[in-house]
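Colleague: Supplied structure: query24.cif, mmCIF, C-alpha atoms.
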data_target
loop_
_atom_site.group_PDB
_atom_site.id
_atom_site.type_symbol
_atom_site.label_atom_id
_atom_site.label_comp_id
_atom_site.auth_asym_id
_atom_site.auth_seq_id
_atom_site.Cartn_x
_atom_site.Cartn_y
_atom_site.Cartn_z
ATOM 1 C CA MET A 1 -21.879 17.139 17.591
ATOM 2 C CA THR A 2 -18.461 15.503 17.125
ATOM 3 C CA THR A 3 -16.296 16.880 14.331
ATOM 4 C CA VAL A 4 -13.675 14.644 12.712
ATOM 5 C CA LEU A 5 -10.872 16.047 10.557
ATOM 6 C CA ILE A 6 -9.871 13.569 7.821
ATOM 7 C CA ILE A 7 -6.402 14.179 6.331
ATOM 8 C CA ASP A 8 -5.622 12.024 3.286
ATOM 9 C CA ASP A 9 -4.347 12.919 -0.180
ATOM 10 C CA SER A 10 -6.674 10.337 -1.734
ATOM 11 C CA SER A 11 -10.210 11.626 -2.309
ATOM 12 C CA PHE A 12 -11.188 7.975 -2.734
ATOM 13 C CA GLN A 13 -10.065 7.196 0.807
ATOM 14 C CA ARG A 14 -11.587 10.388 2.226
ATOM 15 C CA THR A 15 -14.925 9.462 0.666
ATOM 16 C CA ILE A 16 -14.863 5.970 2.201
ATOM 17 C CA ILE A 17 -13.998 7.335 5.635
ATOM 18 C CA ARG A 18 -16.534 10.187 5.382
ATOM 19 C CA LYS A 19 -19.360 7.802 4.470
ATOM 20 C CA THR A 20 -18.437 5.524 7.363
ATOM 21 C CA LEU A 21 -18.405 8.385 9.855
ATOM 22 C CA LYS A 22 -21.539 10.154 8.581
ATOM 23 C CA ASN A 23 -23.511 6.947 9.090
ATOM 24 C CA GLU A 24 -22.635 7.281 12.768
ATOM 25 C CA GLY A 25 -23.622 10.953 12.967
ATOM 26 C CA PHE A 26 -20.157 12.509 12.923
ATOM 27 C CA VAL A 27 -19.475 15.790 11.148
ATOM 28 C CA CYS A 28 -16.486 15.527 8.780
ATOM 29 C CA ILE A 29 -14.058 18.115 7.496
ATOM 30 C CA GLU A 30 -11.316 17.161 5.065
ATOM 31 C CA ALA A 31 -7.767 18.082 4.088
ATOM 32 C CA SER A 32 -5.563 16.670 1.351
ATOM 33 C CA ASN A 33 -2.284 16.997 3.275
ATOM 34 C CA GLY A 34 -0.930 17.785 6.720
ATOM 35 C CA ARG A 35 -0.314 21.464 6.008
ATOM 36 C CA VAL A 36 -3.938 22.111 5.041
ATOM 37 C CA GLY A 37 -4.936 19.980 8.025
ATOM 38 C CA LEU A 38 -3.010 22.250 10.404
ATOM 39 C CA HIS A 39 -4.877 25.302 9.110
ATOM 40 C CA LEU A 40 -8.213 23.529 9.530
ATOM 41 C CA ILE A 41 -7.379 22.666 13.139
ATOM 42 C CA GLU A 42 -6.985 26.366 13.929
ATOM 43 C CA ASP A 43 -10.167 27.339 12.076
ATOM 44 C CA GLU A 44 -12.502 24.463 12.964
ATOM 45 C CA ARG A 45 -11.172 22.936 16.218
ATOM 46 C CA PRO A 46 -12.075 19.310 15.427
ATOM 47 C CA ASP A 47 -12.591 16.759 18.242
ATOM 48 C CA ILE A 48 -10.679 13.940 16.516
ATOM 49 C CA ILE A 49 -8.140 13.807 13.684
ATOM 50 C CA ILE A 50 -7.661 10.900 11.265
ATOM 51 C CA VAL A 51 -4.434 11.163 9.284
ATOM 52 C CA ASP A 52 -2.764 9.143 6.525
ATOM 53 C CA LEU A 53 1.035 8.797 6.499
ATOM 54 C CA LEU A 54 2.200 8.966 2.871
ATOM 55 C CA MET A 55 1.118 12.346 1.513
ATOM 56 C CA PRO A 56 2.730 15.101 -0.562
ATOM 57 C CA ASP A 57 3.667 18.458 0.986
ATOM 58 C CA MET A 58 3.348 17.505 4.672
ATOM 59 C CA ASP A 59 3.099 13.780 5.400
ATOM 60 C CA GLY A 60 1.559 12.127 8.440
ATOM 61 C CA THR A 61 4.802 11.832 10.372
ATOM 62 C CA GLU A 62 5.571 15.526 9.872
ATOM 63 C CA PHE A 63 2.003 16.347 10.864
ATOM 64 C CA LEU A 64 2.312 14.401 14.126
ATOM 65 C CA THR A 65 5.559 16.208 14.872
ATOM 66 C CA ALA A 66 4.006 19.599 14.065
ATOM 67 C CA ILE A 67 0.978 19.240 16.329
ATOM 68 C CA ARG A 68 3.211 17.957 19.107
ATOM 69 C CA GLU A 69 5.392 21.071 18.780
ATOM 70 C CA LYS A 70 2.285 23.263 18.771
ATOM 71 C CA GLU A 71 1.025 21.399 21.873
ATOM 72 C CA ILE A 72 -2.308 20.619 20.245
ATOM 73 C CA ALA A 73 -4.065 18.057 22.431
ATOM 74 C CA ILE A 74 -6.579 16.672 19.909
ATOM 75 C CA PRO A 75 -6.443 12.849 19.677
ATOM 76 C CA VAL A 76 -4.979 11.596 16.388
ATOM 77 C CA ILE A 77 -5.768 8.284 14.713
ATOM 78 C CA VAL A 78 -3.235 7.230 12.083
ATOM 79 C CA LEU A 79 -4.978 5.337 9.254
ATOM 80 C CA THR A 80 -2.438 3.938 6.812
ATOM 81 C CA SER A 81 -1.654 1.127 4.376
ATOM 82 C CA ASP A 82 1.701 0.696 6.109
ATOM 83 C CA ILE A 83 1.465 -2.445 8.270
ATOM 84 C CA GLN A 84 5.038 -2.348 9.568
ATOM 85 C CA ASP A 85 5.415 -2.783 13.327
ATOM 86 C CA ALA A 86 8.239 -0.240 13.326
ATOM 87 C CA THR A 87 5.994 2.358 11.676
ATOM 88 C CA ARG A 88 3.277 1.768 14.266
ATOM 89 C CA GLU A 89 5.803 2.189 17.091
ATOM 90 C CA ASN A 90 7.168 5.368 15.523
ATOM 91 C CA CYS A 91 3.691 6.909 15.211
ATOM 92 C CA ILE A 92 2.780 6.084 18.805
ATOM 93 C CA ARG A 93 6.121 7.535 19.923
ATOM 94 C CA LEU A 94 5.270 10.729 18.022
ATOM 95 C CA GLY A 95 1.993 11.005 19.903
ATOM 96 C CA ALA A 96 -0.609 9.170 17.814
ATOM 97 C CA SER A 97 -3.468 7.959 20.014
ATOM 98 C CA SER A 98 -4.347 5.037 17.773
ATOM 99 C CA PHE A 99 -2.922 3.271 14.707
ATOM 100 C CA LEU A 100 -5.203 1.496 12.209
ATOM 101 C CA ASN A 101 -4.597 -0.050 8.802
ATOM 102 C CA LYS A 102 -6.440 0.556 5.545
ATOM 103 C CA PRO A 103 -8.899 -0.338 4.209
ATOM 104 C CA ALA A 104 -10.871 1.606 6.798
ATOM 105 C CA ARG A 105 -13.269 -0.705 8.626
ATOM 106 C CA ALA A 106 -16.256 0.714 10.471
ATOM 107 C CA ASP A 107 -15.980 -1.938 13.197
ATOM 108 C CA GLU A 108 -12.444 -0.729 13.995
ATOM 109 C CA LEU A 109 -12.660 2.991 13.272
ATOM 110 C CA ILE A 110 -15.883 3.836 15.126
ATOM 111 C CA PRO A 111 -14.919 2.076 18.394
ATOM 112 C CA ALA A 112 -11.481 3.711 18.208
ATOM 113 C CA ILE A 113 -13.075 7.160 17.909
ATOM 114 C CA ARG A 114 -15.604 6.494 20.683
ATOM 115 C CA LEU A 115 -12.845 5.228 22.984
ATOM 116 C CA LEU A 116 -10.830 8.409 22.433
ATOM 117 C CA LEU A 117 -13.880 10.631 22.950
ATOM 118 C CA HIS A 118 -15.009 8.787 26.074
ATOM 119 C CA PRO A 119 -11.998 7.039 27.607
ATOM 120 C CA GLY A 120 -12.860 4.539 30.306
ATOM 121 C CA GLU A 121 -16.434 3.947 29.122
ATOM 122 C CA MET B 122 24.663 -12.562 -7.555
ATOM 123 C CA ASP B 123 23.278 -16.073 -7.643
ATOM 124 C CA LEU B 124 20.999 -17.549 -5.032
ATOM 125 C CA ASN B 125 21.312 -21.136 -3.923
ATOM 126 C CA THR B 126 18.290 -23.402 -3.523
ATOM 127 C CA ASP B 127 17.897 -22.693 0.195
ATOM 128 C CA GLU B 128 18.074 -18.937 -0.328
ATOM 129 C CA LEU B 129 15.562 -19.060 -3.159
ATOM 130 C CA ASP B 130 13.263 -21.203 -1.045
ATOM 131 C CA ALA B 131 13.466 -18.790 1.908
ATOM 132 C CA LEU B 132 12.858 -15.792 -0.338
ATOM 133 C CA ARG B 133 9.897 -17.513 -1.963
ATOM 134 C CA GLU B 134 8.408 -18.333 1.437
ATOM 135 C CA LEU B 135 8.843 -14.776 2.654
ATOM 136 C CA VAL B 136 7.104 -13.376 -0.438
ATOM 137 C CA ASN B 137 4.421 -16.031 -0.025
ATOM 138 C CA ILE B 138 3.620 -14.851 3.501
ATOM 139 C CA GLY B 139 3.484 -11.251 2.327
ATOM 140 C CA VAL B 140 1.228 -12.037 -0.603
ATOM 141 C CA GLY B 141 -1.006 -14.033 1.735
ATOM 142 C CA LYS B 142 -1.446 -10.930 3.858
ATOM 143 C CA ALA B 143 -2.157 -8.839 0.748
ATOM 144 C CA ALA B 144 -4.671 -11.389 -0.498
ATOM 145 C CA GLY B 145 -6.481 -11.261 2.827
ATOM 146 C CA ILE B 146 -6.833 -7.510 2.457
ATOM 147 C CA LEU B 147 -8.044 -7.809 -1.151
ATOM 148 C CA SER B 148 -10.530 -10.476 -0.121
ATOM 149 C CA GLU B 149 -11.888 -8.104 2.510
ATOM 150 C CA MET B 150 -12.214 -5.265 -0.014
ATOM 151 C CA THR B 151 -13.968 -7.312 -2.700
ATOM 152 C CA GLY B 152 -15.874 -9.772 -0.532
ATOM 153 C CA SER B 153 -14.482 -12.658 -2.593
ATOM 154 C CA ARG B 154 -12.255 -15.655 -1.991
ATOM 155 C CA ILE B 155 -8.714 -15.255 -3.346
ATOM 156 C CA GLU B 156 -6.675 -18.112 -4.767
ATOM 157 C CA LEU B 157 -2.912 -17.656 -4.714
ATOM 158 C CA SER B 158 -0.241 -19.283 -6.798
ATOM 159 C CA ILE B 159 3.132 -20.167 -5.279
ATOM 160 C CA PRO B 160 5.431 -17.203 -6.004
ATOM 161 C CA VAL B 161 7.867 -17.694 -8.848
ATOM 162 C CA ILE B 162 11.234 -16.028 -8.351
ATOM 163 C CA HIS B 163 13.132 -14.905 -11.442
ATOM 164 C CA LEU B 164 16.613 -13.480 -11.277
ATOM 165 C CA ILE B 165 17.473 -11.450 -14.359
ATOM 166 C CA ARG B 166 20.635 -9.529 -15.189
ATOM 167 C CA GLY B 167 19.924 -5.827 -15.411
ATOM 168 C CA ASP B 168 21.191 -5.477 -18.965
ATOM 169 C CA GLN B 169 18.864 -8.272 -20.013
ATOM 170 C CA TYR B 170 15.727 -6.877 -18.389
ATOM 171 C CA THR B 171 13.746 -7.174 -21.600
ATOM 172 C CA GLU B 172 13.754 -10.927 -20.901
ATOM 173 C CA ILE B 173 10.875 -10.141 -18.580
ATOM 174 C CA GLU B 174 8.683 -9.933 -21.683
ATOM 175 C CA ALA B 175 9.149 -13.659 -22.105
ATOM 176 C CA VAL B 176 7.760 -14.092 -18.595
ATOM 177 C CA LEU B 177 4.982 -11.520 -18.492
ATOM 178 C CA GLY B 178 4.332 -10.718 -22.141
ATOM 179 C CA GLU B 179 4.167 -7.373 -23.916
ATOM 180 C CA GLU B 180 0.630 -6.398 -22.980
ATOM 181 C CA GLN B 181 -0.205 -3.154 -21.185
ATOM 182 C CA TYR B 182 -0.805 -3.435 -17.471
ATOM 183 C CA ALA B 183 -2.500 -1.078 -15.052
ATOM 184 C CA ALA B 184 0.394 -0.715 -12.644
ATOM 185 C CA VAL B 185 0.845 0.825 -9.219
ATOM 186 C CA ARG B 186 4.438 1.545 -8.306
ATOM 187 C CA LEU B 187 5.821 2.051 -4.803
ATOM 188 C CA GLY B 188 9.499 2.683 -4.173
ATOM 189 C CA PHE B 189 11.058 1.632 -0.887
ATOM 190 C CA GLU B 190 14.332 2.279 0.847
ATOM 191 C CA GLY B 191 15.895 1.414 4.160
ATOM 192 C CA ALA B 192 17.540 -1.886 5.009
ATOM 193 C CA PHE B 193 17.137 -2.696 1.336
ATOM 194 C CA THR B 194 16.087 -0.570 -1.604
ATOM 195 C CA GLY B 195 13.910 -1.223 -4.606
ATOM 196 C CA THR B 196 10.571 -0.833 -6.296
ATOM 197 C CA ALA B 197 7.435 -2.894 -5.921
ATOM 198 C CA PHE B 198 4.650 -3.090 -8.489
ATOM 199 C CA SER B 199 1.106 -4.295 -8.249
ATOM 200 C CA ILE B 200 -0.039 -4.996 -11.821
ATOM 201 C CA PHE B 201 -3.374 -5.937 -13.332
ATOM 202 C CA PRO B 202 -4.271 -6.689 -16.962
ATOM 203 C CA ALA B 203 -6.872 -4.273 -18.389
ATOM 204 C CA ASN B 204 -9.888 -6.567 -17.998
ATOM 205 C CA SER B 205 -8.978 -7.438 -14.413
ATOM 206 C CA ALA B 206 -8.360 -3.806 -13.480
ATOM 207 C CA ASP B 207 -11.749 -2.906 -14.911
ATOM 208 C CA ILE B 208 -13.626 -5.569 -12.920
ATOM 209 C CA LEU B 209 -11.675 -4.870 -9.734
ATOM 210 C CA ILE B 210 -12.500 -1.160 -9.818
ATOM 211 C CA ALA B 211 -16.155 -1.939 -10.505
ATOM 212 C CA ALA B 212 -16.219 -4.368 -7.552
ATOM 213 C CA ILE B 213 -14.907 -1.675 -5.226
ATOM 214 C CA THR B 214 -16.690 1.430 -6.508
ATOM 215 C CA GLY B 215 -19.992 -0.211 -7.457
ATOM 216 C CA ASP B 216 -19.714 1.106 -11.048
ATOM 217 C CA GLU B 217 -20.478 -1.064 -14.076
ATOM 218 C CA PRO B 218 -17.370 -2.684 -15.644
ATOM 219 C CA ASP B 219 -16.525 -1.529 -19.176
ATOM 220 C CA HIS B 220 -15.439 -4.953 -20.563
ATOM 221 C CA SER B 221 -13.606 -3.289 -23.479
ATOM 222 C CA GLY B 222 -10.304 -5.031 -22.645
ATOM 223 C CA SER B 223 -8.629 -1.649 -22.901
ATOM 224 C CA LEU B 224 -7.347 0.861 -20.370
ATOM 225 C CA ALA B 225 -8.216 3.786 -22.644
ATOM 226 C CA HIS B 226 -11.493 4.590 -20.870
ATOM 227 C CA PHE B 227 -9.862 4.821 -17.445
ATOM 228 C CA HIS B 228 -10.212 8.239 -15.893
ATOM 229 C CA SER B 229 -8.677 9.771 -12.806
ATOM 230 C CA ILE B 230 -11.191 8.228 -10.389
ATOM 231 C CA HIS B 231 -10.426 4.747 -11.754
ATOM 232 C CA ALA B 232 -6.700 5.390 -11.561
ATOM 233 C CA GLU B 233 -6.947 6.727 -8.025
ATOM 234 C CA THR B 234 -9.029 3.761 -6.916
ATOM 235 C CA LEU B 235 -6.564 1.310 -8.406
ATOM 236 C CA MET B 236 -3.635 3.233 -6.920
ATOM 237 C CA GLU B 237 -5.112 2.915 -3.439
ATOM 238 C CA VAL B 238 -5.799 -0.793 -3.890
ATOM 239 C CA GLY B 239 -2.313 -1.414 -5.291
ATOM 240 C CA ASN B 240 -0.750 0.597 -2.497
ATOM 241 C CA ILE B 241 -2.552 -1.470 0.139
ATOM 242 C CA LEU B 242 -1.507 -4.712 -1.574
ATOM 243 C CA ILE B 243 2.156 -3.738 -1.854
ATOM 244 C CA ASN B 244 2.191 -2.577 1.753
ATOM 245 C CA GLY B 245 0.712 -5.945 2.712
ATOM 246 C CA VAL B 246 3.572 -7.747 1.011
ATOM 247 C CA MET B 247 6.460 -5.504 2.013
ATOM 248 C CA GLY B 248 5.157 -4.844 5.530
ATOM 249 C CA SER B 249 4.840 -8.559 6.238
ATOM 250 C CA ILE B 250 8.407 -9.113 5.058
ATOM 251 C CA THR B 251 9.875 -6.315 7.172
ATOM 252 C CA ASN B 252 7.883 -7.370 10.242
ATOM 253 C CA ILE B 253 9.300 -10.883 9.959
ATOM 254 C CA LEU B 254 12.828 -9.587 9.414
ATOM 255 C CA GLY B 255 12.544 -7.012 12.203
ATOM 256 C CA THR B 256 13.468 -4.103 9.994
ATOM 257 C CA ARG B 257 11.725 -1.082 8.484
ATOM 258 C CA LEU B 258 11.328 0.476 5.054
ATOM 259 C CA ILE B 259 10.442 4.035 4.108
ATOM 260 C CA TYR B 260 8.095 4.275 1.119
ATOM 261 C CA THR B 261 7.852 6.850 -1.626
ATOM 262 C CA LEU B 262 4.488 8.185 -2.769
ATOM 263 C CA PRO B 263 2.712 5.598 -4.934
ATOM 264 C CA SER B 264 2.215 6.282 -8.630
ATOM 265 C CA TYR B 265 -0.019 4.818 -11.312
ATOM 266 C CA SER B 266 0.747 4.113 -14.961
ATOM 267 C CA GLU B 267 -0.399 1.946 -17.850
ATOM 268 C CA GLU B 268 2.555 0.291 -19.552
ATOM 269 C CA PRO B 269 4.109 -3.029 -20.566
ATOM 270 C CA VAL B 270 6.135 -4.597 -17.756
ATOM 271 C CA ALA B 271 9.490 -4.207 -19.532
ATOM 272 C CA ARG B 272 8.900 -0.428 -19.660
ATOM 273 C CA LEU B 273 7.996 -0.341 -15.962
ATOM 274 C CA ILE B 274 11.240 -2.080 -15.063
ATOM 275 C CA GLN B 275 13.229 0.148 -17.377
ATOM 276 C CA GLU B 276 11.888 3.167 -15.507
ATOM 277 C CA ALA B 277 12.654 1.644 -12.092
ATOM 278 C CA GLY B 278 16.175 3.090 -12.281
ATOM 279 C CA SER B 279 19.407 1.644 -13.535
ATOM 280 C CA ASP B 280 20.844 1.414 -9.984
ATOM 281 C CA GLN B 281 18.125 -1.101 -9.145
ATOM 282 C CA ARG B 282 18.683 -3.024 -12.344
ATOM 283 C CA GLU B 283 22.165 -4.309 -11.686
ATOM 284 C CA ASN B 284 20.405 -7.545 -10.908
ATOM 285 C CA ILE B 285 16.647 -7.806 -10.956
ATOM 286 C CA ILE B 286 14.679 -10.084 -8.761
ATOM 287 C CA VAL B 287 11.160 -10.542 -10.007
ATOM 288 C CA ALA B 288 8.961 -12.159 -7.414
ATOM 289 C CA GLN B 289 5.881 -12.943 -9.403
ATOM 290 C CA THR B 290 2.718 -14.224 -7.833
ATOM 291 C CA ARG B 291 -0.733 -14.603 -9.260
ATOM 292 C CA MET B 292 -3.830 -13.704 -7.281
ATOM 293 C CA PHE B 293 -7.011 -15.093 -8.744
ATOM 294 C CA ILE B 294 -10.259 -13.707 -7.364
ATOM 295 C CA HIS B 295 -12.719 -16.524 -7.887
ATOM 296 C CA ASN B 296 -16.180 -15.195 -8.583
ATOM 297 C CA LEU B 297 -14.843 -12.021 -10.212
ATOM 298 C CA ASN B 298 -12.264 -13.636 -12.509
ATOM 299 C CA ILE B 299 -9.578 -11.092 -11.657
ATOM 300 C CA GLU B 300 -5.883 -11.802 -12.034
ATOM 301 C CA GLY B 301 -3.148 -9.665 -10.501
ATOM 302 C CA LYS B 302 0.577 -9.888 -9.928
ATOM 303 C CA ILE B 303 3.079 -8.441 -7.490
ATOM 304 C CA LEU B 304 6.563 -7.671 -8.810
ATOM 305 C CA LEU B 305 9.544 -6.856 -6.641
ATOM 306 C CA ILE B 306 12.547 -5.214 -8.283
ATOM 307 C CA MET B 307 15.760 -4.917 -6.325
ATOM 308 C CA GLY B 308 19.369 -4.222 -7.189
ATOM 309 C CA GLY B 309 22.171 -6.663 -6.484
ATOM 310 C CA ARG B 310 23.377 -5.177 -3.187
ATOM 311 C CA SER B 311 19.861 -4.906 -1.785
ATOM 312 C CA LEU B 312 19.141 -8.470 -2.750
ATOM 313 C CA ASP B 313 22.333 -9.487 -0.949
ATOM 314 C CA ILE B 314 21.205 -7.653 2.204
ATOM 315 C CA LEU B 315 17.715 -9.136 2.006
ATOM 316 C CA VAL B 316 19.107 -12.662 1.738
ATOM 317 C CA ARG B 317 21.449 -12.034 4.673
ATOM 318 C CA LYS B 318 18.568 -10.768 6.801
ATOM 319 C CA ILE B 319 16.507 -13.815 5.898
ATOM 320 C CA GLN B 320 19.392 -16.024 7.028
ATOM 321 C CA GLU B 321 19.709 -14.046 10.286
ATOM 322 C CA ALA B 322 15.991 -14.422 10.948
ATOM 323 C CA ARG B 323 16.225 -18.147 10.308
ATOM 324 C CA ASP B 324 19.304 -18.780 12.490
#
Give the structure from this file in structure tokens form.

Modeller:
Amino acid sequence: MTTVLIIDDSSFQRTIIRKTLKNEGFVCIEASNGRVGLHLIEDERPDIIIVDLLMPDMDGTEFLTAIREKEIAIPVIVLTSDIQDATRENCIRLGASSFLNKPARADELIPAIRLLLHPGE
Amino acid sequence: MDLNTDELDALRELVNIGVGKAAGILSEMTGSRIELSIPVIHLIRGDQYTEIEAVLGEEQYAAVRLGFEGAFTGTAFSIFPANSADILIAAITGDEPDHSGSLAHFHSIHAETLMEVGNILINGVMGSITNILGTRLIYTLPSYSEEPVARLIQEAGSDQRENIIVAQTRMFIHNLNIEGKILLIMGGRSLDILVRKIQEARD
């Protein structure tokens, strides 16, 4: 069973993502900011992380930096409203495995997760 | 500062591209065709910001605000009249619209839904602009409020109101009868930088 950690301050967005993933049989755990997300990683050991960028307390950029410093090797998908090329490049530089834009689309999100879980397939 | 015809035209085109991107996103979210108006650019002196009422009226709008800073600094708003906000939220959440013409019944779920939609729209506009200009903006957390436009601008900060550029565009969602506007508020120096970057991109 694949567990996906969804980190987004918007419960509206978390609900949309959760529904999309549950339809595909994924187990979802949720956090409302990066700091809570870091705790959940230690407790739950998710297989994939989906993280927003603009969040209070610890934002997505700080989260990417934190898991890099902690040498956590879980693939991270950034899912954000920010469509700037420079933001995408910055996230990839910080270690994001994938960068997608909101609104979350099942035909983008699910293949991105499957590719990260089974690279080369 | 004053903008000449060429500068106004370039600015209008840039906003037009951004709004086109935002409209594409909104179309995807609502499953409806979006009709766009050509953006209208108003330049208003900061101490005369109440003139905006003559342009947008005194009615209350459901407004999502997103500040930005970087190459240029300002505040962007995505605003919807009460009826339109009501129908838009219903189209996205699947709830029944209220049709009261008032924002009084809005609760936190409605506000959060609208904030996410507005945030995506503003990012569509601003992100398109920065991608074309080869620059980057840092955004503040989005916020939601229900106010007349003059009040929104008043709260945008006096440093951004030295000169106000209001890039106003109308998005009309056909089968849902929803009307929305994007407003861009920038101070004089930021507007100067934006215009210079547009010229650099064009040359």

Colleague: For the provided coordinates, the residues matched by the PyMOL selection byres ((chain B and resi 295) around 10) should be stated as a ChimeraX atom specification.

Modeller: /B:153-156,292-294,296-300

Colleague: Just to be explicit: take each residue in the selection above, keep C-alpha atoms, and write the result as a PDB file, keeping the file's coordinate frame.

Modeller:
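Result went into result_16.pdb, see below:
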ATOM      1  CA  SER B 153     -14.482 -12.658  -2.593  1.00  0.00           C
ATOM      2  CA  ARG B 154     -12.255 -15.655  -1.991  1.00  0.00           C
ATOM      3  CA  ILE B 155      -8.714 -15.255  -3.346  1.00  0.00           C
ATOM      4  CA  GLU B 156      -6.675 -18.112  -4.767  1.00  0.00           C
ATOM      5  CA  MET B 292      -3.830 -13.704  -7.281  1.00  0.00           C
ATOM      6  CA  PHE B 293      -7.011 -15.093  -8.744  1.00  0.00           C
ATOM      7  CA  ILE B 294     -10.259 -13.707  -7.364  1.00  0.00           C
ATOM      8  CA  ASN B 296     -16.180 -15.195  -8.583  1.00  0.00           C
ATOM      9  CA  LEU B 297     -14.843 -12.021 -10.212  1.00  0.00           C
ATOM     10  CA  ASN B 298     -12.264 -13.636 -12.509  1.00  0.00           C
ATOM     11  CA  ILE B 299      -9.578 -11.092 -11.657  1.00  0.00           C
ATOM     12  CA  GLU B 300      -5.883 -11.802 -12.034  1.00  0.00           C
TER      13      GLU B 300
END

Colleague: Evaluate the PyMOL selection byres ((chain B) within 8 of (chain A)) on the structure here and hand back the selected residues as a PDB file with C-alpha atoms, keeping the file's coordinate frame.

Modeller:
ATOM      1  CA  ILE B 146      -6.833  -7.510   2.457  1.00  0.00           C
ATOM      2  CA  MET B 150     -12.214  -5.265  -0.014  1.00  0.00           C
ATOM      3  CA  ILE B 230     -11.191   8.228 -10.389  1.00  0.00           C
ATOM      4  CA  GLU B 233      -6.947   6.727  -8.025  1.00  0.00           C
ATOM      5  CA  THR B 234      -9.029   3.761  -6.916  1.00  0.00           C
ATOM      6  CA  GLU B 237      -5.112   2.915  -3.439  1.00  0.00           C
ATOM      7  CA  ASN B 240      -0.750   0.597  -2.497  1.00  0.00           C
ATOM      8  CA  ILE B 241      -2.552  -1.470   0.139  1.00  0.00           C
ATOM      9  CA  ASN B 244       2.191  -2.577   1.753  1.00  0.00           C
ATOM     10  CA  GLY B 245       0.712  -5.945   2.712  1.00  0.00           C
ATOM     11  CA  GLY B 248       5.157  -4.844   5.530  1.00  0.00           C
ATOM     12  CA  SER B 249       4.840  -8.559   6.238  1.00  0.00           C
ATOM     13  CA  THR B 251       9.875  -6.315   7.172  1.00  0.00           C
ATOM     14  CA  ASN B 252       7.883  -7.370  10.242  1.00  0.00           C
ATOM     15  CA  THR B 256      13.468  -4.103   9.994  1.00  0.00           C
ATOM     16  CA  ARG B 257      11.725  -1.082   8.484  1.00  0.00           C
ATOM     17  CA  TYR B 260       8.095   4.275   1.119  1.00  0.00           C
ATOM     18  CA  THR B 261       7.852   6.850  -1.626  1.00  0.00           C
ATOM     19  CA  LEU B 262       4.488   8.185  -2.769  1.00  0.00           C
TER      20      LEU B 262
END

Colleague: Written as a PyMOL selection string, which residues does the PyMOL selection byres ((chain A and resi 38) around 12) give for the file shown?

Modeller: chain A and resi 5-7+30-37+39-46+49+51+58-60+62-70+72+74

Colleague: One number please: CA of Thr3 (chain A) to CA of Pro111 (chain A), in Å, one decimal.

Modeller: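 Those two atoms sit 15.4 Å apart.
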
Colleague: May I have the protein, DNA and RNA residues with an atom at most 10 Å from (-18.9, 12.1, 8.6), counting only C-alpha atoms in the file's coordinates, returned as a VMD selection string?

Modeller: chain A and resid 2 to 6 14 to 30

Colleague: Excluding Phe99 (chain A) and any residue of its chain fewer than 2 positions from it, enumerate the residues within 8 Å of it, using only C-alpha atoms, and give them as a PyMOL selection string.

Modeller: chain A and resi 77-80+88+91-92+96-97+101

Colleague: In Å to one decimal, how far is CA of Ile50 (chain A) from CA of Ala232 (chain B)?

Modeller: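 Computing it gives 23.5 Å between the two atoms.
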
Colleague: For a test of reading the model, state the distance in Å between CA of Leu177 (chain B) and CA of Ile285 (chain B), rounded to one decimal.

Modeller: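 One can read the CA of Leu177 (chain B) to CA of Ile285 (chain B) distance as 14.4 Å.
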